[in-house]
Amino acid sequence: MRGVSQQWSESDAGTLRLPSGRLVRGRGLRHPLDPEAPLPSYGVYLLGRRPPEVPWDSAWIRWPDFRLPAERAAARAVLAGVWERAAGERVEIACGGGRGRTGTALACLAVLDGVPAQEAVEYVRRHYDRHAVETPWQRRYVRRFGEGRT
């Protein structure tokens with residue numbers, strides 16, 4: 001599987017470097033995966049319905065489009081696991097378009113990595129996608145994530 005035990009490269013499309021140096025790939029599932037792109041070793045899929053099976057370890061956070069996770073405590077636990085695994089694995093986070101839910105989850109990872117919650121959305125917009133985190137309630141979710149409330 002093309003060396004999935006290695007980390008991402010910063011040049012890989014959608015890769016976000018967190019301040020600690022951890023690399024996480026954000027992706028929109030509506031866009032076909034480049035057949036030459038490295039494969040993740042672990043993926044977390046933020047969708048209203050169960051995602052299709054993938055040939056790597058994965059988790060599903062039930063998270064409808066333009067909304068927030070249905071089970072916020074479970075989402076926090078999965079994202080904490082993503083942050084841990086990103087220290088040495090190719091981890092991706094993906095939703096339909098790769099911006100709203102994915103950007104929100106990446107901002108939560110930035111908070112776990114030490115970015116102040118009130119700066120995390122801007123960090124992700126600057127380093128991942130300028131349109132990331134699409135709704136006011138997604139921005140509020142990131143702030144509350146930093147306070148330990150979701």
# chains A, B, ... in the order shown; residues from 1 in each chain; ligands from 1

$ select_by_dssp --residues "chain A" --states "strand (DSSP E or B)" --output "list of chain:residue names"
A:Thr15, A:Leu16, A:Arg17, A:Leu23, A:Val24, A:Arg25, A:Gly26, A:Arg27, A:Gly28, A:Tyr42, A:Gly43, A:Val44, A:Tyr45, A:Leu46, A:Leu47, A:Asp57, A:Ser58, A:Ala59, A:Trp60, A:Ile61, A:Arg62, A:Val91, A:Glu92, A:Ile93, A:Ala94, A:Cys95

$ residues_around --residues "region 48-52 of chain A" --least-positions-apart "6" --cutoff "7 Å" --atoms "only C-alpha atoms" --output "number ranges by chain"
A: 60, 62-65

$ write_last_selection --atoms "C-alpha atoms" --output "mmCIF file, in the first residue's frame"
data_model
loop_
_atom_site.group_PDB
_atom_site.id
_atom_site.type_symbol
_atom_site.label_atom_id
_atom_site.label_comp_id
_atom_site.auth_asym_id
_atom_site.auth_seq_id
_atom_site.Cartn_x
_atom_site.Cartn_y
_atom_site.Cartn_z
ATOM 1 C CA TRP A 60 -16.754 7.637 11.384
ATOM 2 C CA ARG A 62 -21.707 11.199 12.456
ATOM 3 C CA TRP A 63 -21.618 14.843 11.423
ATOM 4 C CA PRO A 64 -24.260 16.157 8.988
ATOM 5 C CA ASP A 65 -23.237 18.787 6.446
#

$ residues_around --residues "region 121-134 of chain A" --least-positions-apart "4" --cutoff "9 Å" --atoms "only C-alpha atoms" --output "PDB file with all heavy atoms, in the first residue's frame"
ATOM      1  N   GLY A  14      -3.554  19.105   0.496  1.00  0.00           N
ATOM      2  CA  GLY A  14      -4.428  19.133   1.661  1.00  0.00           C
ATOM      3  C   GLY A  14      -3.742  18.953   2.991  1.00  0.00           C
ATOM      4  O   GLY A  14      -4.404  18.871   4.024  1.00  0.00           O
ATOM      5  N   THR A  15      -2.419  18.900   3.004  1.00  0.00           N
ATOM      6  CA  THR A  15      -1.710  18.640   4.247  1.00  0.00           C
ATOM      7  C   THR A  15      -1.599  19.902   5.088  1.00  0.00           C
ATOM      8  O   THR A  15      -1.213  20.957   4.605  1.00  0.00           O
ATOM      9  CB  THR A  15      -0.304  18.074   3.962  1.00  0.00           C
ATOM     10  OG1 THR A  15      -0.443  16.859   3.235  1.00  0.00           O
ATOM     11  CG2 THR A  15       0.444  17.790   5.252  1.00  0.00           C
ATOM     12  N   LEU A  16      -1.938  19.768   6.361  1.00  0.00           N
ATOM     13  CA  LEU A  16      -1.823  20.848   7.334  1.00  0.00           C
ATOM     14  C   LEU A  16      -0.715  20.493   8.314  1.00  0.00           C
ATOM     15  O   LEU A  16      -0.731  19.404   8.891  1.00  0.00           O
ATOM     16  CB  LEU A  16      -3.142  21.027   8.099  1.00  0.00           C
ATOM     17  CG  LEU A  16      -3.100  21.987   9.299  1.00  0.00           C
ATOM     18  CD1 LEU A  16      -2.917  23.431   8.825  1.00  0.00           C
ATOM     19  CD2 LEU A  16      -4.347  21.844  10.141  1.00  0.00           C
ATOM     20  N   ARG A  17       0.246  21.398   8.475  1.00  0.00           N
ATOM     21  CA  ARG A  17       1.281  21.226   9.494  1.00  0.00           C
ATOM     22  C   ARG A  17       0.827  21.954  10.747  1.00  0.00           C
ATOM     23  O   ARG A  17       0.591  23.162  10.725  1.00  0.00           O
ATOM     24  CB  ARG A  17       2.632  21.769   9.044  1.00  0.00           C
ATOM     25  CG  ARG A  17       3.694  21.677  10.165  1.00  0.00           C
ATOM     26  CD  ARG A  17       5.057  22.151   9.745  1.00  0.00           C
ATOM     27  NE  ARG A  17       5.722  21.210   8.870  1.00  0.00           N
ATOM     28  CZ  ARG A  17       6.356  20.105   9.275  1.00  0.00           C
ATOM     29  NH1 ARG A  17       6.378  19.781  10.551  1.00  0.00           N
ATOM     30  NH2 ARG A  17       6.948  19.323   8.405  1.00  0.00           N
ATOM     31  N   LEU A  18       0.715  21.204  11.833  1.00  0.00           N
ATOM     32  CA  LEU A  18       0.389  21.798  13.121  1.00  0.00           C
ATOM     33  C   LEU A  18       1.672  22.366  13.741  1.00  0.00           C
ATOM     34  O   LEU A  18       2.779  21.978  13.341  1.00  0.00           O
ATOM     35  CB  LEU A  18      -0.243  20.736  14.023  1.00  0.00           C
ATOM     36  CG  LEU A  18      -1.592  20.195  13.529  1.00  0.00           C
ATOM     37  CD1 LEU A  18      -1.998  18.961  14.314  1.00  0.00           C
ATOM     38  CD2 LEU A  18      -2.661  21.273  13.609  1.00  0.00           C
ATOM     39  N   GLY A  26      -6.312  16.969   5.128  1.00  0.00           N
ATOM     40  CA  GLY A  26      -7.738  17.204   4.988  1.00  0.00           C
ATOM     41  C   GLY A  26      -8.120  16.922   3.547  1.00  0.00           C
ATOM     42  O   GLY A  26      -7.334  17.169   2.632  1.00  0.00           O
ATOM     43  N   PHE A  66     -22.858  21.054   7.243  1.00  0.00           N
ATOM     44  CA  PHE A  66     -23.129  22.375   7.810  1.00  0.00           C
ATOM     45  C   PHE A  66     -23.572  22.330   9.271  1.00  0.00           C
ATOM     46  O   PHE A  66     -24.052  23.324   9.796  1.00  0.00           O
ATOM     47  CB  PHE A  66     -24.166  23.156   6.980  1.00  0.00           C
ATOM     48  CG  PHE A  66     -23.700  23.457   5.601  1.00  0.00           C
ATOM     49  CD1 PHE A  66     -24.227  22.766   4.520  1.00  0.00           C
ATOM     50  CD2 PHE A  66     -22.724  24.412   5.357  1.00  0.00           C
ATOM     51  CE1 PHE A  66     -23.792  23.033   3.231  1.00  0.00           C
ATOM     52  CE2 PHE A  66     -22.287  24.683   4.075  1.00  0.00           C
ATOM     53  CZ  PHE A  66     -22.825  23.991   3.007  1.00  0.00           C
ATOM     54  N   GLY A  98     -14.541  18.907   2.089  1.00  0.00           N
ATOM     55  CA  GLY A  98     -13.207  19.124   2.640  1.00  0.00           C
ATOM     56  C   GLY A  98     -12.989  20.485   3.263  1.00  0.00           C
ATOM     57  O   GLY A  98     -11.853  20.846   3.543  1.00  0.00           O
ATOM     58  N   ARG A  99     -14.066  21.241   3.524  1.00  0.00           N
ATOM     59  CA  ARG A  99     -13.893  22.595   4.061  1.00  0.00           C
ATOM     60  C   ARG A  99     -14.562  22.806   5.413  1.00  0.00           C
ATOM     61  O   ARG A  99     -13.900  23.154   6.372  1.00  0.00           O
ATOM     62  CB  ARG A  99     -14.435  23.617   3.075  1.00  0.00           C
ATOM     63  CG  ARG A  99     -13.580  23.772   1.854  1.00  0.00           C
ATOM     64  CD  ARG A  99     -14.124  24.854   0.972  1.00  0.00           C
ATOM     65  NE  ARG A  99     -13.152  25.201  -0.062  1.00  0.00           N
ATOM     66  CZ  ARG A  99     -13.413  25.989  -1.059  1.00  0.00           C
ATOM     67  NH1 ARG A  99     -14.615  26.533  -1.178  1.00  0.00           N
ATOM     68  NH2 ARG A  99     -12.494  26.255  -1.954  1.00  0.00           N
ATOM     69  N   GLY A 100     -15.881  22.664   5.465  1.00  0.00           N
ATOM     70  CA  GLY A 100     -16.617  22.998   6.690  1.00  0.00           C
ATOM     71  C   GLY A 100     -16.319  22.065   7.844  1.00  0.00           C
ATOM     72  O   GLY A 100     -15.704  22.454   8.837  1.00  0.00           O
ATOM     73  N   ARG A 101     -16.779  20.832   7.730  1.00  0.00           N
ATOM     74  CA  ARG A 101     -16.565  19.858   8.802  1.00  0.00           C
ATOM     75  C   ARG A 101     -15.091  19.511   8.946  1.00  0.00           C
ATOM     76  O   ARG A 101     -14.564  19.452  10.062  1.00  0.00           O
ATOM     77  CB  ARG A 101     -17.391  18.595   8.527  1.00  0.00           C
ATOM     78  CG  ARG A 101     -18.889  18.855   8.609  1.00  0.00           C
ATOM     79  CD  ARG A 101     -19.709  17.723   8.038  1.00  0.00           C
ATOM     80  NE  ARG A 101     -19.638  17.760   6.568  1.00  0.00           N
ATOM     81  CZ  ARG A 101     -20.258  16.894   5.778  1.00  0.00           C
ATOM     82  NH1 ARG A 101     -20.991  15.919   6.307  1.00  0.00           N
ATOM     83  NH2 ARG A 101     -20.162  16.996   4.473  1.00  0.00           N
ATOM     84  N   THR A 102     -14.416  19.310   7.808  1.00  0.00           N
ATOM     85  CA  THR A 102     -12.989  18.999   7.859  1.00  0.00           C
ATOM     86  C   THR A 102     -12.216  20.162   8.470  1.00  0.00           C
ATOM     87  O   THR A 102     -11.372  19.958   9.347  1.00  0.00           O
ATOM     88  CB  THR A 102     -12.458  18.673   6.449  1.00  0.00           C
ATOM     89  OG1 THR A 102     -13.106  17.478   5.996  1.00  0.00           O
ATOM     90  CG2 THR A 102     -10.958  18.458   6.447  1.00  0.00           C
ATOM     91  N   GLY A 103     -12.498  21.375   8.033  1.00  0.00           N
ATOM     92  CA  GLY A 103     -11.819  22.545   8.600  1.00  0.00           C
ATOM     93  C   GLY A 103     -12.070  22.691  10.088  1.00  0.00           C
ATOM     94  O   GLY A 103     -11.167  23.026  10.858  1.00  0.00           O
ATOM     95  N   THR A 104     -13.304  22.415  10.514  1.00  0.00           N
ATOM     96  CA  THR A 104     -13.643  22.494  11.935  1.00  0.00           C
ATOM     97  C   THR A 104     -12.846  21.467  12.727  1.00  0.00           C
ATOM     98  O   THR A 104     -12.273  21.779  13.773  1.00  0.00           O
ATOM     99  CB  THR A 104     -15.160  22.287  12.129  1.00  0.00           C
ATOM    100  OG1 THR A 104     -15.860  23.286  11.376  1.00  0.00           O
ATOM    101  CG2 THR A 104     -15.556  22.366  13.587  1.00  0.00           C
ATOM    102  N   ALA A 105     -12.780  20.237  12.229  1.00  0.00           N
ATOM    103  CA  ALA A 105     -12.012  19.196  12.911  1.00  0.00           C
ATOM    104  C   ALA A 105     -10.522  19.539  12.937  1.00  0.00           C
ATOM    105  O   ALA A 105      -9.846  19.340  13.953  1.00  0.00           O
ATOM    106  CB  ALA A 105     -12.239  17.846  12.235  1.00  0.00           C
ATOM    107  N   LEU A 106     -10.003  20.081  11.837  1.00  0.00           N
ATOM    108  CA  LEU A 106      -8.588  20.486  11.811  1.00  0.00           C
ATOM    109  C   LEU A 106      -8.330  21.613  12.808  1.00  0.00           C
ATOM    110  O   LEU A 106      -7.281  21.636  13.467  1.00  0.00           O
ATOM    111  CB  LEU A 106      -8.179  20.901  10.399  1.00  0.00           C
ATOM    112  CG  LEU A 106      -8.111  19.785   9.357  1.00  0.00           C
ATOM    113  CD1 LEU A 106      -7.864  20.365   7.972  1.00  0.00           C
ATOM    114  CD2 LEU A 106      -7.052  18.744   9.711  1.00  0.00           C
ATOM    115  N   ALA A 107      -9.273  22.538  12.942  1.00  0.00           N
ATOM    116  CA  ALA A 107      -9.116  23.607  13.931  1.00  0.00           C
ATOM    117  C   ALA A 107      -9.116  23.031  15.348  1.00  0.00           C
ATOM    118  O   ALA A 107      -8.355  23.492  16.209  1.00  0.00           O
ATOM    119  CB  ALA A 107     -10.216  24.656  13.762  1.00  0.00           C
ATOM    120  N   CYS A 108      -9.924  22.017  15.587  1.00  0.00           N
ATOM    121  CA  CYS A 108      -9.911  21.352  16.899  1.00  0.00           C
ATOM    122  C   CYS A 108      -8.561  20.674  17.142  1.00  0.00           C
ATOM    123  O   CYS A 108      -8.032  20.719  18.262  1.00  0.00           O
ATOM    124  CB  CYS A 108     -11.057  20.348  17.003  1.00  0.00           C
ATOM    125  SG  CYS A 108     -12.689  21.128  17.086  1.00  0.00           S
ATOM    126  N   ALA A 110      -5.762  21.733  15.924  1.00  0.00           N
ATOM    127  CA  ALA A 110      -4.845  22.843  16.207  1.00  0.00           C
ATOM    128  C   ALA A 110      -4.945  23.243  17.677  1.00  0.00           C
ATOM    129  O   ALA A 110      -3.928  23.525  18.322  1.00  0.00           O
ATOM    130  CB  ALA A 110      -5.142  24.021  15.282  1.00  0.00           C
ATOM    131  N   VAL A 115      -2.613  25.684  19.764  1.00  0.00           N
ATOM    132  CA  VAL A 115      -3.076  26.957  19.206  1.00  0.00           C
ATOM    133  C   VAL A 115      -4.242  27.438  20.076  1.00  0.00           C
ATOM    134  O   VAL A 115      -5.164  26.661  20.350  1.00  0.00           O
ATOM    135  CB  VAL A 115      -3.526  26.791  17.734  1.00  0.00           C
ATOM    136  CG1 VAL A 115      -4.129  28.080  17.196  1.00  0.00           C
ATOM    137  CG2 VAL A 115      -2.365  26.322  16.863  1.00  0.00           C
ATOM    138  N   ALA A 117      -7.719  28.605  21.198  1.00  0.00           N
ATOM    139  CA  ALA A 117      -8.990  28.312  20.522  1.00  0.00           C
ATOM    140  C   ALA A 117      -9.502  29.492  19.708  1.00  0.00           C
ATOM    141  O   ALA A 117     -10.044  29.307  18.619  1.00  0.00           O
ATOM    142  CB  ALA A 117     -10.032  27.869  21.546  1.00  0.00           C
ATOM    143  N   GLN A 138     -19.948  26.344  13.730  1.00  0.00           N
ATOM    144  CA  GLN A 138     -18.695  25.590  13.662  1.00  0.00           C
ATOM    145  C   GLN A 138     -17.568  26.380  14.333  1.00  0.00           C
ATOM    146  O   GLN A 138     -16.757  25.811  15.064  1.00  0.00           O
ATOM    147  CB  GLN A 138     -18.342  25.248  12.210  1.00  0.00           C
ATOM    148  CG  GLN A 138     -19.263  24.196  11.609  1.00  0.00           C
ATOM    149  CD  GLN A 138     -19.054  23.981  10.119  1.00  0.00           C
ATOM    150  OE1 GLN A 138     -18.509  24.826   9.405  1.00  0.00           O
ATOM    151  NE2 GLN A 138     -19.510  22.837   9.628  1.00  0.00           N
ATOM    152  N   ARG A 139     -17.530  27.702  14.117  1.00  0.00           N
ATOM    153  CA  ARG A 139     -16.518  28.540  14.794  1.00  0.00           C
ATOM    154  C   ARG A 139     -16.721  28.488  16.312  1.00  0.00           C
ATOM    155  O   ARG A 139     -15.752  28.377  17.070  1.00  0.00           O
ATOM    156  CB  ARG A 139     -16.597  29.981  14.277  1.00  0.00           C
ATOM    157  CG  ARG A 139     -16.065  30.122  12.861  1.00  0.00           C
ATOM    158  CD  ARG A 139     -15.911  31.574  12.428  1.00  0.00           C
ATOM    159  NE  ARG A 139     -17.157  32.325  12.410  1.00  0.00           N
ATOM    160  CZ  ARG A 139     -18.003  32.343  11.390  1.00  0.00           C
ATOM    161  NH1 ARG A 139     -17.759  31.645  10.298  1.00  0.00           N
ATOM    162  NH2 ARG A 139     -19.109  33.056  11.452  1.00  0.00           N
ATOM    163  N   VAL A 142     -15.388  25.270  17.816  1.00  0.00           N
ATOM    164  CA  VAL A 142     -13.932  25.273  18.004  1.00  0.00           C
ATOM    165  C   VAL A 142     -13.573  26.028  19.289  1.00  0.00           C
ATOM    166  O   VAL A 142     -12.743  25.557  20.076  1.00  0.00           O
ATOM    167  CB  VAL A 142     -13.210  25.877  16.777  1.00  0.00           C
ATOM    168  CG1 VAL A 142     -11.716  26.043  17.053  1.00  0.00           C
ATOM    169  CG2 VAL A 142     -13.440  25.008  15.541  1.00  0.00           C
ATOM    170  N   ARG A 143     -14.181  27.184  19.510  1.00  0.00           N
ATOM    171  CA  ARG A 143     -13.908  27.946  20.754  1.00  0.00           C
ATOM    172  C   ARG A 143     -14.268  27.120  21.973  1.00  0.00           C
ATOM    173  O   ARG A 143     -13.509  27.054  22.938  1.00  0.00           O
ATOM    174  CB  ARG A 143     -14.663  29.268  20.740  1.00  0.00           C
ATOM    175  CG  ARG A 143     -14.060  30.315  19.836  1.00  0.00           C
ATOM    176  CD  ARG A 143     -14.652  31.698  20.066  1.00  0.00           C
ATOM    177  NE  ARG A 143     -16.105  31.733  20.051  1.00  0.00           N
ATOM    178  CZ  ARG A 143     -16.861  31.885  18.965  1.00  0.00           C
ATOM    179  NH1 ARG A 143     -16.269  32.012  17.771  1.00  0.00           N
ATOM    180  NH2 ARG A 143     -18.162  31.915  19.039  1.00  0.00           N
TER     181      ARG A 143
END

$ select_by_dssp --residues "region 44-103 of chain A" --states "helix (DSSP H, G or I)" --output "JSON, numbers by chain"
{"A": [72, 73, 74, 75, 76, 77, 78, 79, 80, 81, 82, 83, 84, 85, 100, 101, 102, 103]}

$ write_last_selection --atoms "C-alpha atoms" --output "compact mmCIF listing (two decimals), in the first residue's frame"
# COMPACT_ATOMS: atom_id res chain seq x y z
CA ARG A 72 -19.72 15.54 20.74
CA ALA A 73 -17.95 13.61 23.50
CA ALA A 74 -17.23 10.78 21.07
CA ALA A 75 -16.01 13.28 18.45
CA ARG A 76 -13.62 14.81 21.00
CA ALA A 77 -12.22 11.36 21.82
CA VAL A 78 -11.73 10.47 18.14
CA LEU A 79 -10.03 13.80 17.41
CA ALA A 80 -7.71 13.33 20.40
CA GLY A 81 -6.80 9.94 18.90
CA VAL A 82 -6.16 11.56 15.52
CA TRP A 83 -3.80 14.05 17.16
CA GLU A 84 -1.90 11.21 18.86
CA ARG A 85 -1.67 9.09 15.71
CA GLY A 100 -16.62 23.00 6.69
CA ARG A 101 -16.57 19.86 8.80
CA THR A 102 -12.99 19.00 7.86
CA GLY A 103 -11.82 22.55 8.60

$ closest_residue --among "A:Glu147, A:Glu53, A:Asp113, A:Glu71" --to "Ser20 (chain A)" --atoms "only C-alpha atoms"
A:Asp113

$ closest_residue --among "A:Val111, A:Ala59, A:Leu39, A:Leu68" --to "Gln6 (chain A)" --atoms "only C-alpha atoms"
A:Leu39

$ closest_residue --among "A:Gly21, A:Gly146, A:Pro38, A:Pro116" --to "Glu92 (chain A)" --atoms "only C-alpha atoms"
A:Pro38

$ closest_residue --among "A:Trp137, A:Phe145, A:Tyr42, A:Trp56" --to "Ile93 (chain A)" --atoms "only C-alpha atoms"
A:Tyr42

$ closest_residue --among "A:Ala86, A:Val44, A:Cys95, A:Ala70" --to "His31 (chain A)" --atoms "only C-alpha atoms"
A:Cys95

$ closest_residue --among "A:Pro19, A:Arg25, A:Arg67, A:Pro55" --to "Pro136 (chain A)" --atoms "only C-alpha atoms"
A:Arg67
